[in-house]
Structures are given as structure tokens and as C-alpha cells.
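Enquirer: Data: target.json, JSON, C-alpha atoms.
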[["chain", "number", "residue", "atom", "x", "y", "z"],
["A", 212, "MET", "CA", 8.70, 174.49, 217.47],
["A", 213, "PHE", "CA", 9.37, 176.78, 220.41],
["A", 214, "SER", "CA", 7.61, 174.82, 223.14],
["A", 215, "ARG", "CA", 9.63, 176.10, 226.07],
["A", 216, "LEU", "CA", 9.85, 179.63, 224.72],
["A", 217, "LYS", "CA", 6.09, 179.77, 224.31],
["A", 218, "LYS", "CA", 5.55, 179.11, 227.99],
["A", 219, "ASN", "CA", 6.67, 182.66, 228.66],
["A", 220, "ARG", "CA", 5.71, 184.57, 225.51],
["A", 221, "THR", "CA", 6.11, 183.99, 221.80],
["A", 222, "LEU", "CA", 9.27, 184.89, 219.94],
["A", 223, "ARG", "CA", 7.12, 186.21, 217.12],
["A", 224, "SER", "CA", 5.55, 188.91, 219.31],
["A", 225, "LEU", "CA", 8.93, 189.94, 220.62],
["A", 226, "LEU", "CA", 10.41, 190.20, 217.14],
["A", 227, "GLY", "CA", 7.52, 192.46, 216.19],
["A", 228, "ALA", "CA", 8.73, 195.11, 218.61],
["A", 229, "ALA", "CA", 12.08, 195.44, 216.85],
["A", 230, "SER", "CA", 10.79, 197.60, 214.00],
["A", 231, "LEU", "CA", 9.09, 200.32, 216.05],
["A", 232, "PHE", "CA", 12.02, 202.65, 216.60],
["A", 233, "VAL", "CA", 13.48, 205.48, 214.53],
["A", 234, "ALA", "CA", 17.08, 205.21, 213.33],
["A", 235, "GLY", "CA", 19.75, 207.36, 214.95],
["A", 236, "ALA", "CA", 23.49, 207.83, 214.52],
["A", 237, "PRO", "CA", 25.83, 205.78, 216.73],
["A", 238, "ALA", "CA", 28.59, 207.52, 218.66],
["A", 239, "VAL", "CA", 31.50, 206.58, 220.90],
["A", 240, "ALA", "CA", 31.97, 209.55, 223.21],
["A", 241, "GLU", "CA", 33.33, 208.14, 226.45],
["A", 242, "VAL", "CA", 36.61, 209.47, 227.83],
["A", 243, "ALA", "CA", 39.24, 206.88, 228.66],
["A", 244, "PRO", "CA", 40.08, 206.36, 232.36],
["A", 245, "LYS", "CA", 43.13, 208.03, 233.90],
["A", 246, "GLU", "CA", 44.33, 204.68, 235.22],
["A", 247, "PRO", "CA", 43.88, 201.20, 233.67],
["A", 248, "LEU", "CA", 41.17, 199.07, 235.22],
["A", 249, "LYS", "CA", 42.71, 196.41, 237.47],
["A", 250, "ILE", "CA", 41.62, 192.85, 236.71],
["A", 251, "THR", "CA", 43.16, 189.43, 237.30],
["A", 252, "GLN", "CA", 44.97, 187.39, 234.67],
["A", 253, "LYS", "CA", 41.96, 185.08, 234.27],
["A", 254, "GLU", "CA", 39.60, 188.04, 233.90],
["A", 255, "GLN", "CA", 41.97, 189.62, 231.39],
["A", 256, "SER", "CA", 41.94, 186.42, 229.33],
["A", 257, "GLN", "CA", 38.12, 186.41, 229.32],
["A", 258, "CYS", "CA", 38.04, 190.08, 228.36],
["A", 259, "ASP", "CA", 40.54, 189.51, 225.55],
["A", 260, "ALA", "CA", 38.33, 186.75, 224.12],
["A", 261, "LEU", "CA", 35.27, 189.03, 224.31],
["A", 262, "ILE", "CA", 37.14, 191.86, 222.58],
["A", 263, "LYS", "CA", 38.01, 189.49, 219.76],
["A", 264, "GLU", "CA", 34.36, 188.40, 219.48],
["A", 265, "TYR", "CA", 33.04, 191.96, 219.57],
["A", 266, "MET", "CA", 35.32, 193.49, 216.92],
["A", 267, "PRO", "CA", 33.57, 191.95, 213.85],
["A", 268, "LEU", "CA", 30.15, 192.96, 215.20],
["A", 269, "CYS", "CA", 31.37, 196.47, 216.02],
["A", 270, "GLU", "CA", 32.70, 196.93, 212.49],
["A", 271, "GLN", "CA", 29.38, 195.86, 210.99],
["A", 272, "LEU", "CA", 27.38, 198.21, 213.23],
["A", 273, "GLU", "CA", 29.70, 201.22, 213.22],
["A", 274, "GLY", "CA", 31.52, 200.92, 209.91],
["A", 275, "ASN", "CA", 35.31, 201.24, 209.80],
["A", 276, "LEU", "CA", 36.51, 204.44, 208.14],
["A", 277, "PRO", "CA", 40.25, 204.89, 207.52],
["A", 278, "TYR", "CA", 40.18, 208.70, 207.59],
["A", 279, "CYS", "CA", 39.68, 211.38, 210.26],
["A", 280, "TYR", "CA", 36.33, 213.14, 210.26],
["A", 281, "TYR", "CA", 34.18, 215.23, 212.57],
["A", 282, "GLY", "CA", 31.16, 213.32, 213.87],
["A", 283, "LYS", "CA", 27.76, 214.68, 214.89],
["A", 284, "THR", "CA", 29.12, 215.64, 218.31],
["A", 285, "GLY", "CA", 31.98, 217.61, 216.75],
["A", 286, "ASN", "CA", 34.66, 215.19, 217.96],
["A", 287, "MET", "CA", 37.54, 214.02, 215.80],
["A", 288, "THR", "CA", 36.58, 210.45, 214.87],
["A", 289, "VAL", "CA", 38.07, 207.52, 212.95],
["A", 290, "GLY", "CA", 37.66, 203.77, 212.46],
["A", 291, "CYS", "CA", 34.67, 202.23, 214.24],
["A", 292, "GLY", "CA", 33.35, 205.58, 215.49],
["A", 293, "VAL", "CA", 36.29, 206.10, 217.90],
["A", 294, "HIS", "CA", 37.12, 209.50, 219.42],
["A", 295, "PHE", "CA", 40.80, 208.59, 219.45],
["A", 296, "LYS", "CA", 41.94, 211.73, 221.28],
["A", 297, "ASP", "CA", 40.23, 210.33, 224.39],
["A", 298, "PHE", "CA", 42.89, 207.61, 224.51],
["A", 299, "LYS", "CA", 46.24, 209.25, 225.28],
["A", 300, "GLU", "CA", 48.13, 205.98, 224.91],
["A", 301, "LEU", "CA", 47.50, 206.24, 221.16],
["A", 302, "ASP", "CA", 49.15, 209.67, 220.76],
["A", 303, "ASN", "CA", 52.41, 208.38, 219.30],
["A", 304, "LEU", "CA", 50.86, 206.14, 216.66],
["A", 305, "THR", "CA", 51.40, 207.45, 213.14],
["A", 306, "ALA", "CA", 48.98, 208.53, 210.44],
["A", 307, "LEU", "CA", 49.37, 210.00, 206.95],
["A", 308, "LYS", "CA", 48.47, 213.53, 205.93],
["A", 309, "VAL", "CA", 47.74, 213.13, 202.21],
["A", 310, "THR", "CA", 47.48, 216.15, 199.93],
["A", 311, "PRO", "CA", 45.63, 215.80, 196.61],
["A", 312, "LYS", "CA", 46.87, 216.99, 193.25],
["A", 313, "LYS", "CA", 45.28, 220.10, 191.84],
["A", 314, "GLY", "CA", 41.92, 219.26, 190.28],
["A", 315, "HIS", "CA", 41.60, 215.93, 192.13],
["A", 316, "VAL", "CA", 39.27, 214.98, 194.99],
["A", 317, "PHE", "CA", 39.15, 212.08, 197.42],
["A", 318, "SER", "CA", 36.01, 209.97, 197.21],
["A", 319, "LEU", "CA", 35.10, 209.24, 200.83],
["A", 320, "GLU", "CA", 32.70, 206.52, 199.71],
["A", 321, "ASN", "CA", 35.51, 204.55, 198.06],
["A", 322, "LYS", "CA", 36.96, 203.02, 201.24],
["A", 323, "GLU", "CA", 38.92, 200.39, 199.32],
["A", 324, "ARG", "CA", 40.84, 203.12, 197.48],
["A", 325, "LEU", "CA", 41.53, 205.05, 200.69],
["A", 326, "PHE", "CA", 42.81, 201.88, 202.38],
["A", 327, "LYS", "CA", 45.16, 201.26, 199.45],
["A", 328, "ILE", "CA", 46.60, 204.76, 199.75],
["A", 329, "ALA", "CA", 46.92, 204.44, 203.54],
["A", 330, "ASN", "CA", 48.69, 201.06, 203.36],
["A", 331, "ALA", "CA", 51.01, 201.84, 200.45],
["A", 332, "ASP", "CA", 54.79, 201.82, 200.96],
["A", 333, "TRP", "CA", 55.46, 205.56, 200.92],
["A", 334, "THR", "CA", 59.17, 204.98, 201.65],
["A", 335, "SER", "CA", 59.49, 203.70, 198.08],
["A", 336, "PRO", "CA", 60.01, 206.32, 195.33],
["A", 337, "ASN", "CA", 57.97, 204.12, 192.99],
["A", 338, "THR", "CA", 54.75, 204.48, 195.02],
["A", 339, "SER", "CA", 52.26, 206.80, 193.36],
["A", 340, "PHE", "CA", 48.53, 207.40, 193.02],
["A", 341, "LYS", "CA", 47.03, 209.65, 190.38],
["A", 342, "GLU", "CA", 45.19, 211.79, 192.94],
["A", 343, "VAL", "CA", 48.04, 212.12, 195.49],
["A", 344, "ALA", "CA", 50.50, 215.04, 195.34],
["A", 345, "SER", "CA", 52.34, 214.47, 198.63],
["A", 346, "VAL", "CA", 52.27, 212.43, 201.85],
["A", 347, "GLU", "CA", 53.45, 213.49, 205.31],
["A", 348, "ILE", "CA", 53.81, 211.12, 208.27],
["A", 349, "ILE", "CA", 52.33, 212.63, 211.45],
["A", 350, "SER", "CA", 51.49, 211.42, 214.96],
["A", 351, "LEU", "CA", 47.92, 210.94, 216.10],
["A", 352, "LYS", "CA", 48.27, 213.73, 218.65],
["A", 353, "ALA", "CA", 48.97, 216.10, 215.74],
["A", 354, "CYS", "CA", 45.81, 215.10, 213.89],
["A", 355, "GLY", "CA", 43.21, 217.83, 213.64],
["A", 356, "GLY", "CA", 42.33, 220.98, 211.75],
["A", 357, "ASN", "CA", 40.43, 220.91, 208.49],
["A", 358, "CYS", "CA", 38.78, 217.48, 208.16],
["A", 359, "PRO", "CA", 35.55, 216.31, 206.50],
["A", 360, "LYS", "CA", 32.28, 215.91, 208.35],
["A", 361, "ASN", "CA", 30.62, 212.51, 208.71],
["A", 362, "THR", "CA", 28.09, 213.54, 206.02],
["A", 363, "ASP", "CA", 30.65, 214.53, 203.35],
["A", 364, "LYS", "CA", 31.03, 212.26, 200.32],
["A", 365, "LYS", "CA", 34.00, 214.00, 198.64],
["A", 366, "TRP", "CA", 37.00, 215.95, 199.95],
["A", 367, "ARG", "CA", 39.20, 218.37, 197.99],
["A", 368, "ASN", "CA", 41.73, 219.21, 200.72],
["A", 369, "SER", "CA", 44.39, 217.27, 202.59],
["A", 370, "ILE", "CA", 43.01, 214.18, 204.33],
["A", 371, "ILE", "CA", 44.36, 212.24, 207.31],
["A", 372, "LEU", "CA", 44.47, 208.50, 206.60],
["A", 373, "MET", "CA", 45.19, 205.66, 209.01],
["A", 374, "PRO", "CA", 47.28, 202.65, 207.95],
["A", 375, "SER", "CA", 45.52, 199.39, 208.86],
["A", 376, "LYS", "CA", 47.89, 198.66, 211.77],
["A", 377, "THR", "CA", 47.13, 202.04, 213.31],
["A", 378, "LEU", "CA", 43.41, 201.67, 212.68],
["A", 379, "ASP", "CA", 43.33, 198.18, 214.23],
["A", 380, "LYS", "CA", 45.12, 199.48, 217.34],
["A", 381, "ILE", "CA", 42.65, 202.38, 217.69],
["A", 382, "ASN", "CA", 39.60, 200.13, 217.32],
["A", 383, "LYS", "CA", 40.96, 197.50, 219.68],
["A", 384, "THR", "CA", 41.84, 200.09, 222.34],
["A", 385, "ALA", "CA", 38.29, 201.46, 222.28],
["A", 386, "ALA", "CA", 36.76, 197.97, 222.39],
["A", 387, "GLU", "CA", 39.03, 196.97, 225.28],
["A", 388, "PHE", "CA", 37.92, 200.02, 227.28],
["A", 389, "PHE", "CA", 34.23, 199.20, 226.91],
["A", 390, "VAL", "CA", 34.64, 195.46, 227.49],
["A", 391, "LYS", "CA", 36.50, 196.09, 230.74],
["A", 392, "ASN", "CA", 33.88, 198.60, 231.85],
["A", 393, "ALA", "CA", 31.12, 196.11, 231.00],
["A", 394, "TYR", "CA", 32.81, 193.53, 233.22],
["A", 395, "GLU", "CA", 33.42, 196.02, 236.02],
["A", 396, "HIS", "CA", 29.74, 196.98, 235.99],
["A", 397, "HIS", "CA", 28.31, 193.46, 235.48],
["A", 398, "ARG", "CA", 30.35, 190.94, 237.44],
["A", 399, "ASN", "CA", 28.19, 188.12, 236.04],
["A", 400, "LEU", "CA", 29.14, 189.09, 232.46],
["A", 401, "PHE", "CA", 30.92, 185.82, 231.70],
["A", 402, "GLN", "CA", 28.10, 183.78, 233.21],
["A", 403, "LEU", "CA", 25.78, 185.03, 230.46],
["A", 404, "PRO", "CA", 25.38, 183.57, 226.93],
["A", 405, "PRO", "CA", 28.02, 184.89, 224.49],
["A", 406, "SER", "CA", 25.63, 186.96, 222.36],
["A", 407, "VAL", "CA", 24.17, 188.69, 225.44],
["A", 408, "ARG", "CA", 27.67, 189.78, 226.47],
["A", 409, "LEU", "CA", 28.00, 191.43, 223.07],
["A", 410, "VAL", "CA", 24.73, 193.32, 223.55],
["A", 411, "ILE", "CA", 25.98, 194.77, 226.83],
["A", 412, "VAL", "CA", 29.31, 195.84, 225.36],
["A", 413, "ASP", "CA", 27.65, 197.35, 222.30],
["A", 414, "LEU", "CA", 25.22, 199.38, 224.40],
["A", 415, "MET", "CA", 28.15, 200.86, 226.32],
["A", 416, "TYR", "CA", 30.13, 201.40, 223.13],
["A", 417, "ASN", "CA", 27.20, 203.11, 221.42],
["A", 418, "LEU", "CA", 26.10, 205.28, 224.37],
["A", 419, "GLY", "CA", 29.19, 205.77, 226.48],
["A", 420, "VAL", "CA", 29.62, 204.30, 229.95],
["A", 421, "GLY", "CA", 28.11, 207.25, 231.81],
["A", 422, "GLN", "CA", 25.00, 207.44, 229.64],
["A", 423, "TYR", "CA", 24.55, 203.67, 229.82],
["A", 424, "LYS", "CA", 24.62, 203.68, 233.62],
["A", 425, "LYS", "CA", 22.29, 206.68, 233.81],
["A", 426, "THR", "CA", 19.59, 205.79, 231.30],
["A", 427, "TYR", "CA", 19.31, 201.98, 231.37],
["A", 428, "PRO", "CA", 18.73, 200.97, 235.01],
["A", 429, "LYS", "CA", 16.02, 198.41, 234.16],
["A", 430, "PHE", "CA", 18.25, 196.72, 231.60],
["A", 431, "GLN", "CA", 21.15, 196.64, 234.05],
["A", 432, "ASP", "CA", 18.95, 195.17, 236.77],
["A", 433, "ALA", "CA", 17.63, 192.47, 234.42],
["A", 434, "ILE", "CA", 21.18, 191.57, 233.37],
["A", 435, "ASN", "CA", 22.36, 191.36, 236.97],
["A", 436, "ARG", "CA", 19.43, 189.02, 237.72],
["A", 437, "GLY", "CA", 20.06, 186.97, 234.57],
["A", 438, "ASP", "CA", 16.54, 187.72, 233.26],
["A", 439, "LEU", "CA", 17.12, 187.61, 229.49],
["A", 440, "TRP", "CA", 13.47, 188.15, 228.56],
["A", 441, "GLU", "CA", 13.26, 191.38, 230.55],
["A", 442, "ALA", "CA", 16.70, 192.54, 229.39],
["A", 443, "ARG", "CA", 15.58, 192.02, 225.79],
["A", 444, "LYS", "CA", 12.69, 194.43, 226.36],
["A", 445, "GLN", "CA", 14.83, 197.09, 228.03],
["A", 446, "CYS", "CA", 17.80, 197.47, 225.63],
["A", 447, "LYS", "CA", 16.24, 199.57, 222.88],
["A", 448, "THR", "CA", 17.72, 202.92, 221.80],
["A", 449, "ASN", "CA", 16.72, 205.20, 218.92],
["A", 450, "ASN", "CA", 18.77, 203.33, 216.31],
["A", 451, "GLU", "CA", 16.52, 200.89, 214.43],
["A", 452, "ARG", "CA", 19.26, 198.87, 212.75],
["A", 453, "ARG", "CA", 21.24, 198.50, 215.95],
["A", 454, "ASP", "CA", 18.13, 197.74, 218.00],
["A", 455, "ASN", "CA", 17.09, 195.00, 215.58],
["A", 456, "THR", "CA", 20.56, 193.48, 215.78],
["A", 457, "LYS", "CA", 20.44, 193.43, 219.60],
["A", 458, "GLN", "CA", 17.03, 191.75, 219.44],
["A", 459, "PHE", "CA", 18.43, 189.07, 217.14],
["A", 460, "LEU", "CA", 21.34, 188.49, 219.51],
["A", 461, "PHE", "CA", 18.92, 187.99, 222.40],
["A", 462, "ASP", "CA", 16.72, 185.74, 220.26],
["A", 463, "SER", "CA", 19.83, 183.76, 219.36],
["A", 464, "ALA", "CA", 20.58, 183.15, 223.03],
["A", 465, "LEU", "CA", 16.98, 182.22, 223.88],
["A", 466, "LEU", "CA", 16.55, 179.98, 220.85],
["A", 467, "SER", "CA", 19.89, 178.26, 221.45],
["A", 468, "LYS", "CA", 18.87, 177.49, 225.01],
["A", 469, "ASP", "CA", 15.59, 176.03, 223.83],
["A", 470, "ARG", "CA", 17.07, 173.96, 221.01],
["A", 471, "TYR", "CA", 20.58, 172.89, 222.01],
["A", 472, "LEU", "CA", 19.48, 169.35, 222.94],
["A", 473, "SER", "CA", 17.41, 168.74, 219.82],
["A", 474, "GLY", "CA", 19.14, 170.71, 217.07],
["A", 475, "SER", "CA", 22.59, 171.33, 215.63],
["A", 476, "PRO", "CA", 24.12, 174.85, 215.65],
["A", 477, "ASP", "CA", 23.47, 175.15, 211.91],
["A", 478, "LYS", "CA", 19.81, 174.22, 212.43],
["A", 479, "VAL", "CA", 19.43, 176.88, 215.11],
["A", 480, "CYS", "CA", 20.98, 179.45, 212.75],
["A", 481, "ARG", "CA", 18.51, 178.49, 210.04],
["A", 482, "GLU", "CA", 15.57, 178.75, 212.45],
["A", 483, "LEU", "CA", 16.62, 182.24, 213.52],
["A", 484, "ARG", "CA", 17.02, 183.36, 209.91],
["A", 485, "THR", "CA", 13.62, 181.88, 209.04],
["A", 486, "LEU", "CA", 11.95, 183.76, 211.89],
["A", 487, "VAL", "CA", 13.45, 187.04, 210.71],
["A", 488, "GLY", "CA", 12.49, 186.32, 207.10],
["A", 489, "LYS", "CA", 8.81, 185.93, 208.07],
["A", 490, "LYS", "CA", 8.71, 189.34, 209.73],
["A", 491, "LYS", "CA", 8.03, 192.29, 207.42],
["A", 492, "ASN", "CA", 9.41, 195.83, 207.72],
["A", 493, "ILE", "CA", 12.65, 194.85, 209.48],
["A", 494, "CYS", "CA", 15.58, 196.86, 208.14],
["A", 495, "VAL", "CA", 18.17, 194.16, 208.93],
["A", 496, "THR", "CA", 17.47, 191.06, 206.82],
["A", 497, "THR", "CA", 19.62, 188.17, 205.69],
["A", 498, "ALA", "CA", 19.48, 189.37, 202.08],
["A", 499, "LYS", "CA", 20.34, 193.01, 202.81],
["A", 500, "GLU", "CA", 23.05, 192.37, 205.41],
["A", 501, "PRO", "CA", 24.88, 189.13, 204.57],
["A", 502, "LEU", "CA", 28.11, 190.06, 206.41],
["A", 503, "LEU", "CA", 26.22, 191.07, 209.54],
["A", 504, "TRP", "CA", 24.31, 187.80, 209.46],
["A", 505, "LEU", "CA", 27.54, 185.83, 209.24],
["A", 506, "VAL", "CA", 28.50, 187.49, 212.53],
["A", 507, "ILE", "CA", 25.08, 186.71, 214.06],
["A", 508, "ASP", "CA", 25.36, 183.09, 212.89],
["A", 509, "SER", "CA", 28.77, 182.87, 214.56],
["A", 510, "CYS", "CA", 27.23, 184.22, 217.78],
["A", 511, "THR", "CA", 24.43, 181.65, 217.56],
["A", 512, "LYS", "CA", 26.92, 178.81, 217.21],
["A", 513, "GLY", "CA", 28.82, 180.21, 220.18],
["A", 514, "ASN", "CA", 25.61, 180.25, 222.21],
["A", 515, "HIS", "CA", 24.83, 176.65, 221.25],
["A", 516, "SER", "CA", 28.30, 175.49, 222.31],
["A", 517, "TRP", "CA", 28.10, 177.50, 225.53],
["A", 518, "TYR", "CA", 24.78, 175.94, 226.55],
["A", 519, "MET", "CA", 26.11, 172.45, 225.81],
["A", 520, "CYS", "CA", 29.14, 173.19, 227.99],
["A", 521, "GLN", "CA", 26.88, 174.49, 230.77],
["A", 522, "SER", "CA", 24.77, 171.33, 230.56],
["A", 523, "LYS", "CA", 27.80, 169.03, 230.73],
["A", 524, "THR", "CA", 29.18, 170.93, 233.70],
["A", 525, "HIS", "CA", 25.82, 170.75, 235.48],
["A", 526, "TRP", "CA", 25.43, 166.99, 235.03],
["A", 527, "ALA", "CA", 29.06, 166.38, 235.97],
["A", 528, "MET", "CA", 28.43, 168.24, 239.24],
["A", 529, "VAL", "CA", 25.22, 166.27, 239.83],
["A", 530, "ALA", "CA", 27.02, 162.99, 239.16],
["A", 531, "GLY", "CA", 29.88, 164.01, 241.45],
["A", 532, "LYS", "CA", 27.47, 164.91, 244.23],
["A", 533, "LYS", "CA", 25.62, 161.58, 243.96],
["A", 534, "PHE", "CA", 28.91, 159.69, 243.89],
["A", 535, "SER", "CA", 30.14, 161.45, 247.05],
["A", 536, "GLU", "CA", 26.86, 160.61, 248.80]]
Could you write out this structure as C-alpha cells?
Expert:
Amino acid sequence: MFSRLKKNRTLRSLLGAASLFVAGAPAVAEVAPKEPLKITQKEQSQCDALIKEYMPLCEQLEGNLPYCYYGKTGNMTVGCGVHFKDFKELDNLTALKVTPKKGHVFSLENKERLFKIANADWTSPNTSFKEVASVEIISLKACGGNCPKNTDKKWRNSIILMPSKTLDKINKTAAEFFVKNAYEHHRNLFQLPPSVRLVIVDLMYNLGVGQYKKTYPKFQDAINRGDLWEARKQCKTNNERRDNTKQFLFDSALLSKDRYLSGSPDKVCRELRTLVGKKKNICVTTAKEPLLWLVIDSCTKGNHSWYMCQSKTHWAMVAGKKFSE
């Protein structure tokens, strides 16, 4: 089934390496630049498309919490693991400081309820929630003080909630920063398969730009050379779930390249899911993570389309060359 892939090494043996690492907590700890990165209009358009592609994956890997909390590093965090105080352009966005009624607590595990409170029309006198005593509108730069930790499940004090528009802006700003840094560091970024671009961005997002540059030289070298097999080996961290996902994204690119002439995008998606289903002791499976696998399927279809486009461009250039001769 994987004739061309097997000439190098089997996909089965590579998938086996994905379950050997201990889980760790993700973190976004990179400080925003003092000046915006300068890129052309075409590059900006490519970066914007990549940001849009990365956001669903980022939300699945990081979660998306609508309240302020202190992460493992002690930084004020919100949304998809964003240290929003690193991004000064967000200072004037507004949040809600919500105080509970006496005897009531906020369930931090009930995100749907917290989103409802955050998105309610608090300008209307008819808006009320049984656990809410009062709501104060504050700016992001005023956020701080007594907030829950990332391990807390309930909170009895005032909580800072982000309306969806504010949260979307925070998450997008962080993603934009890391996408632009990924492109600045890897000028061949948009010459790589779509899912591989996402792996690069996610590594930077997870580790921070400085730590990425310092601790992953072999991965960076493989990416710059376009060696996907070597890059796949060199992108592991200490987060099992995230590592497995990166492996699947690489497998998606490699499998799509091998099968784009003989199989539809849906068939390639099924083959990737089947491969994962045959491997035991993998924490990310199609049954356990259906939303994540919808994102991976979308990446696989993007890879398939990208390889077809590359093939058409190649043969058009060959035909043009022969015609000119």
C-alpha cells in the first residue's frame, strides 16, 4: 500500500515512536516584538491564510478558556494559552470582572456557562444569572490580581471573563505573531506541505520563538532542506498528545504525496485513520478525539490538493519548456 514510502522506511515503525514520550503542559511564553515584522503584501496574504488554518488546530491542542488564570509559569493567561500582557496592542480591549453572589461559585469546567455569561448583554437590565451579583467592564491592561490557577476547578471570588470578540482577537494576535516568526525563520515555509507548516508554527507557539531556535537545530535544518522524514524525527517535545498530533500531520503530508495520483482525499484520510487505529497505546485516537481528527482530516485534504497543484505546475513548466525548444 505504501510502496514509495517503504523505500525509505515504513510508516508503521515511525508511528511506533509517537507513544514513547511523557505528557507535559503547553505554554505560550514569548514576548511580542517591539516593532511589527515587515513582510510584503503577498507574504501577508500567505500568512493570513496560515493563521486561519492554524487557529482550529491551536484550539484543539491548547484549549480555549474564556477566563484569566495563572499558568504553570505564573503568567496571566487566557484563551489558547496566551500571555496577553505580552501584546501591548491588546491593552484597550475590554473584559468583564464578574463577582459571584454570596454562597455561589463559578465552575471552571463548565466553559459553555462561562461563555454565556461573558457574551451576555450586560447593558440590558433584564440580563441576569443566578450566580452573578455584579459585572464591571475593565480593560485588558487592568486585568490581574486574584485569579484562579490553571489547576483550579471552582472559583469563589471575582473572575475575569473575556467576551468572544475579545478572546478571538487575543488568540488571533498570538497566532499571527508565531506565524510571522515561522516565516521569518523558514523562508521556504510556503513551499512545504500545508500540514508541515502547521507543525512548525505549533512548535514555536508551544515553546516560544527563542526556545525553538535554541533547542531544535536539527529540526530547523531538516525543514530548511525540505527533508520531511528527518524533520518528523526531530520535532518531539515532552507532550505526548501534542507529539502524536505532529507525527500524524507529518504522516498526512507523506501519505498524501505517496497517494495523490491513485487515491481521493477522502481515501487518504481513511488510510491515515486506519494506520492510527492499528497502533496501540496512542493517546490521540479517532474515537477519543473526534474534533481533533476533523482538523487533521482537513489538513490531509489540503495536502492532497497542494500536491496535485504542485504536480500540475511541474508538468505545465515541462510542457512549456519542450514547446519553447
Enquirer: For a quick check of understanding, using all atoms listed in the file, which of A:Ala260, A:Cys480, A:Leu502, A:Leu272 has the smallest distance to Lys391 in chain A?
Expert: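 Of all the options, A:Ala260 lies closest to Lys391 in chain A.
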Enquirer: Check the smallest atom-to-atom distance from each of A:Leu261, A:Leu503, A:Leu307, A:Val479 to Glu387 in chain A using only C-alpha atoms, then report the winner.
Expert: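 The answer is A:Leu261, which sits nearest to Glu387 in chain A.
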Enquirer: Rounded to one decimal in Å, what is the spacing between CA of Pro405 in chain A and CA of Asp379 in chain A?
Expert: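 Spanning CA of Pro405 in chain A to CA of Asp379 in chain A is a straight-line distance of 22.7 Å.
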Enquirer: How big is the axis-aligned box around all listed atoms of range 391-404 of chain A once 6 Å goes on each side, and where's its centre, in Å to one decimal, as JSON?
Expert:
{"center_x": 30.9, "center_y": 191.1, "center_z": 232.2, "size_x": 23.1, "size_y": 27.0, "size_z": 22.5}
Enquirer: Name all residues at most 8 Å from range 320-322 of chain A (count only C-alpha atoms; drop same-chain ones fewer than 5 positions away) and give them as a list in words.
Expert: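 Selected residues are Leu276, Pro277, Lys364 and Lys365 of chain A.
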Enquirer: For C-alpha atoms, I'd like the residues from the last selection saved as an mmCIF file, keeping the file's coordinate frame.
Expert:
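For reference, part-v1.cif as written:
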data_model
loop_
_atom_site.group_PDB
_atom_site.id
_atom_site.type_symbol
_atom_site.label_atom_id
_atom_site.label_comp_id
_atom_site.auth_asym_id
_atom_site.auth_seq_id
_atom_site.Cartn_x
_atom_site.Cartn_y
_atom_site.Cartn_z
ATOM 1 C CA LEU A 276 36.510 204.440 208.140
ATOM 2 C CA PRO A 277 40.250 204.890 207.520
ATOM 3 C CA LYS A 364 31.030 212.260 200.320
ATOM 4 C CA LYS A 365 34.000 214.000 198.640
#
Enquirer: Work out how far CA of Lys352 in chain A is from CA of Ser375 in chain A, in Å to one decimal.
Expert: 17.6 Å
Enquirer: State, in Å with one decimal place, the distance from CA of Gln402 in chain A to CA of Gly437 in chain A.
Expert: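 Taking CA of Gln402 in chain A and CA of Gly437 in chain A, their separation equals 8.8 Å.
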Enquirer: With all atoms listed in the file as the basis for distance, which of A:Trp504, A:Tyr427, A:Phe298, A:Tyr471 is at the shortest distance from Cys520 in chain A?
Expert: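 Of the candidates, the smallest distance to Cys520 in chain A is held by A:Tyr471.
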Enquirer: Go through A:Thr338, A:Met415, A:Phe461, A:Asn435 and flag the residue nearest Phe388 in chain A, using all atoms listed in the file for the distances.
Expert: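 Ranked by minimum distance to Phe388 in chain A, first place goes to A:Met415.
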Enquirer: List as a Markdown table every residue of range 389-455 of chain A that is in contact with range 284-295 of chain A, defined as an atom at most 12 Å from one of its atoms (using all atoms listed in the file), together with the nearest atom pair and the distance in Å rounded to one decimal, sorted by chain and then rising number.
Expert:
| residue | atom | partner | partner_atom | distance |
| --- | --- | --- | --- | --- |
| A:Phe389 | CA | A:Val293 | CA | 11.5 |
| A:Asp413 | CA | A:Cys291 | CA | 11.7 |
| A:Tyr416 | CA | A:Gly292 | CA | 9.3 |
| A:Asn417 | CA | A:Gly292 | CA | 8.9 |
| A:Leu418 | CA | A:Gly292 | CA | 11.5 |
| A:Gly419 | CA | A:Val293 | CA | 11.1 |
Enquirer: For the residues selected in the previous step, produce a file with C-alpha atoms as a PDB file, in the coordinates of the input.
Expert:
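Output (out-v6.pdb):
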ATOM      1  CA  PHE A 389      34.230 199.200 226.910  1.00  0.00           C
ATOM      2  CA  ASP A 413      27.650 197.350 222.300  1.00  0.00           C
ATOM      3  CA  TYR A 416      30.130 201.400 223.130  1.00  0.00           C
ATOM      4  CA  ASN A 417      27.200 203.110 221.420  1.00  0.00           C
ATOM      5  CA  LEU A 418      26.100 205.280 224.370  1.00  0.00           C
ATOM      6  CA  GLY A 419      29.190 205.770 226.480  1.00  0.00           C
TER       7      GLY A 419
END
Enquirer: Using all atoms listed in the file, pick whichever of A:Leu372, A:Leu325, A:Ala306, A:Cys446 has the shortest atom-to-atom distance to Ile348 in chain A.
Expert: A:Ala306
Enquirer: For Asp363 in chain A, please output as a list in words all residues within 10 Å (counting only C-alpha atoms; exclusion window: fewer than 5 positions along the same chain).
Expert: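 The residues satisfying every condition are Tyr280, Tyr281, Ser318, Leu319, Glu320 and Cys358 of chain A.
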Enquirer: Which residues come within 10 Å of Ser509 in chain A, counting all atoms listed in the file, excluding same-chain residues fewer than 6 positions away, as a list in words?
Expert: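 After dropping sequence-adjacent residues, the list is Glu264, Ser406, Pro476, Asp477, Cys480, Leu503 and His515 of chain A.
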